[in-house]
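Below you'll find the structure, written out as C-alpha cells, and then a few comments.
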Amino acid sequence: MSREIVIAAAQMGPNQRADSRRKIVQRMIALMEKAARCGAQLVVYPELALTTFFPRWYIKDTSEIDSFFETEMPGADTAPLFTRARELGITFSFGFAEKTEQAGGVHHFNTSVLVDKNSNIILRYRKIHIPGHSQYESWRPFQHLEKFYFKPGTEPFSTARLFDAEFSLAICNDRRWPETYREMALRGAEIALIGYNTPMHYAPMPSHDHLQSFHNHLCMQAGAYQNGLWVIGVAKAGLEEGCQLLGQTCIIAPTGEIAAQASSTDDEVILALCDIDRVKEIRENVFNFKHHRRPEMYPLLSRTS
Ligand code: CDV
C-alpha cells in the first residue's frame with residue numbers, strides 16, 4: 001500500500017508585538033481550515049508561530065519576557081487551535097517559546113511540537129543550534145539575542161510515527177547544519193518539519209544578505225537529497241516590526257526537488273501530495289547508508305571536543 005500524505009505548509013505573515021495570541025491563533029485556525037478544505041492531513045506552521053520574533057529586542061523586564069513564553073501547551077489561548085484541529089481531524093506542528101520547570105529550575109526553550117488528530121503531543125523538540133548572541137550588542141541595527149532568551153535543547157533529534165511514516169522536528173538555524181538531517185535519517189526519519197524566522201539582513205556578514213533566499217533552499221534541498229528525506233520548510237515572513245523576514249516556504253522531495261513553494265510573504269497555504277516511499281529512491285540507491293557510508297572514516301564527526 002502506498003504511503004501518500006497530503007502535507008500543508010502554513011506560512012505565516014508577520015506577527016506584530018501588539019497582536020494578541022487570540023488574534024494570531026485565529027489566523028492559524030483560518031490557515032488550518034483552508035488547508036483542510038484542500039485535503040491536507042498535516043499542517044505545519046513556523047518557528048515561534050505565536051509571537052513576534054522577540055529576540056530582535058533586548059528586554060530586561062522579566063514579566064515582559066514571560067509574556068512571550070508559554071507555560072502550558074495547550075494553554076487558554078492555544079486551546080482553540082487544538083480543538084479546531086480535533087474537529088477537522090487534522091494533525092499539526094508549530095513552534096513556540098516554552099518556559100518550563102525541570103529539576104527545580106526554570107528553563108526557556110525554543111520549542112516545536114507535533115500533535116496528532118486527537119490533540120496529543122506526540123513529539124516535542126527543543127532547538128539545539130541556538131544562533132545569535134547572549135548580550136546586547138549596540139552596533140547591530142536589531143538584536144539576535146536567542147542565546148540570551150533560550151537554553152539549547154538537551155535531547156537529540158528524535159522521531160514519532162504518524163500515518164505509517166517517521167517524522168522528525170527541527171527549528172530554523174538547525175536547517176543550515178548537515179548533521180541535523182543525517183542524525184534524523186540515521187534515526188529513521190522520513191519527513192523533517194522545519195519552521196523558521198530568517199531576517200533578510202544578517203548583521204555579522206551583510207555582504208551575504210542577497211544570498212538569504214539561495215542559502216535557505218540550498219541547505220534544505222541538500223539535506224533532503226543527501227539523506228533521502230521529505231523536508232517541509234515553513235517561514236514566518238514579511239515585514240515584522242520593521243524587520244524583513246524571508247518567505248520561500250517550500251515542500252522538498254527526497255530528490256531535492258521543490259514540490260511546492262509559497263509565492264508571497266503573507267499567510268499562505270501550500271500543499272503537496274507526499275509519497276513517503278520516494279525516500280527509498282535515495283536510501284536504497286545513491287545514499288544507501290548501510291552499503292556505502294563509511295562512519296569509521298569520519299571519526300571527527302562525533303567527537304565532542
Ligand atoms: N531563527 C533563526 O534561527 N534564525 C537564524 C538566523 C537569523 C541566523 C537562521 O539560521 O535563519
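Each chain of the C-alpha cells is named A, B, ... in the order shown, its residues numbered from 1; ligands are numbered from 1 in display order.
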Inset, instruction - Output as a PyMOL selection string all residues of range 44-199 of chain A that backbone DSSP marks as strand (DSSP E or B). - result: chain A and resi 44+70+91-102+105-115+121-126+159-162+165-171+191-196+199
Inset, instruction - Compute the set of protein, DNA and RNA residues whose minimum atom distance to ligand 1 is at most 9 Å, using only C-alpha atoms and all ligand atoms, and state it as number ranges by chain. - result: A: 47-48, 53, 55, 127, 129-132, 144, 146, 171-176, 195-202, 212, 216, 246
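Note that CA of Glu72 in chain A and CA of Tyr58 in chain A are 24.4 Å apart.
Closest approach to Val234 in chain A among A:Tyr45, A:Arg21, A:Ala165, A:Asp77: A:Tyr45, based on only C-alpha atoms.
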Legend entry - Neighbour list for range 299-304 of chain A as a PyMOL selection string, cut-off 12 Å, only C-alpha atoms, skip fewer than 3 positions in-chain: chain A and resi 178-179+182-183+294-296
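Going from CA of Glu190 in chain A to CA of Trp230 in chain A covers 6.2 Å.
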Rows by chain and residue number, range 166-244 of chain A within 10 Å of range 102-113 of chain A, shortest pair, only C-alpha atoms, as a tab-separated table:
```
residue	atom	partner	partner_atom	distance
A:Ser168	CA	A:Val113	CA	9.8
A:Leu169	CA	A:Ser112	CA	7.0
A:Ala170	CA	A:Ser112	CA	7.6
A:Ile171	CA	A:Ser112	CA	7.2
A:Leu193	CA	A:Ser112	CA	9.3
A:Ile194	CA	A:Ser112	CA	8.9
A:Gly195	CA	A:Ser112	CA	8.4
```
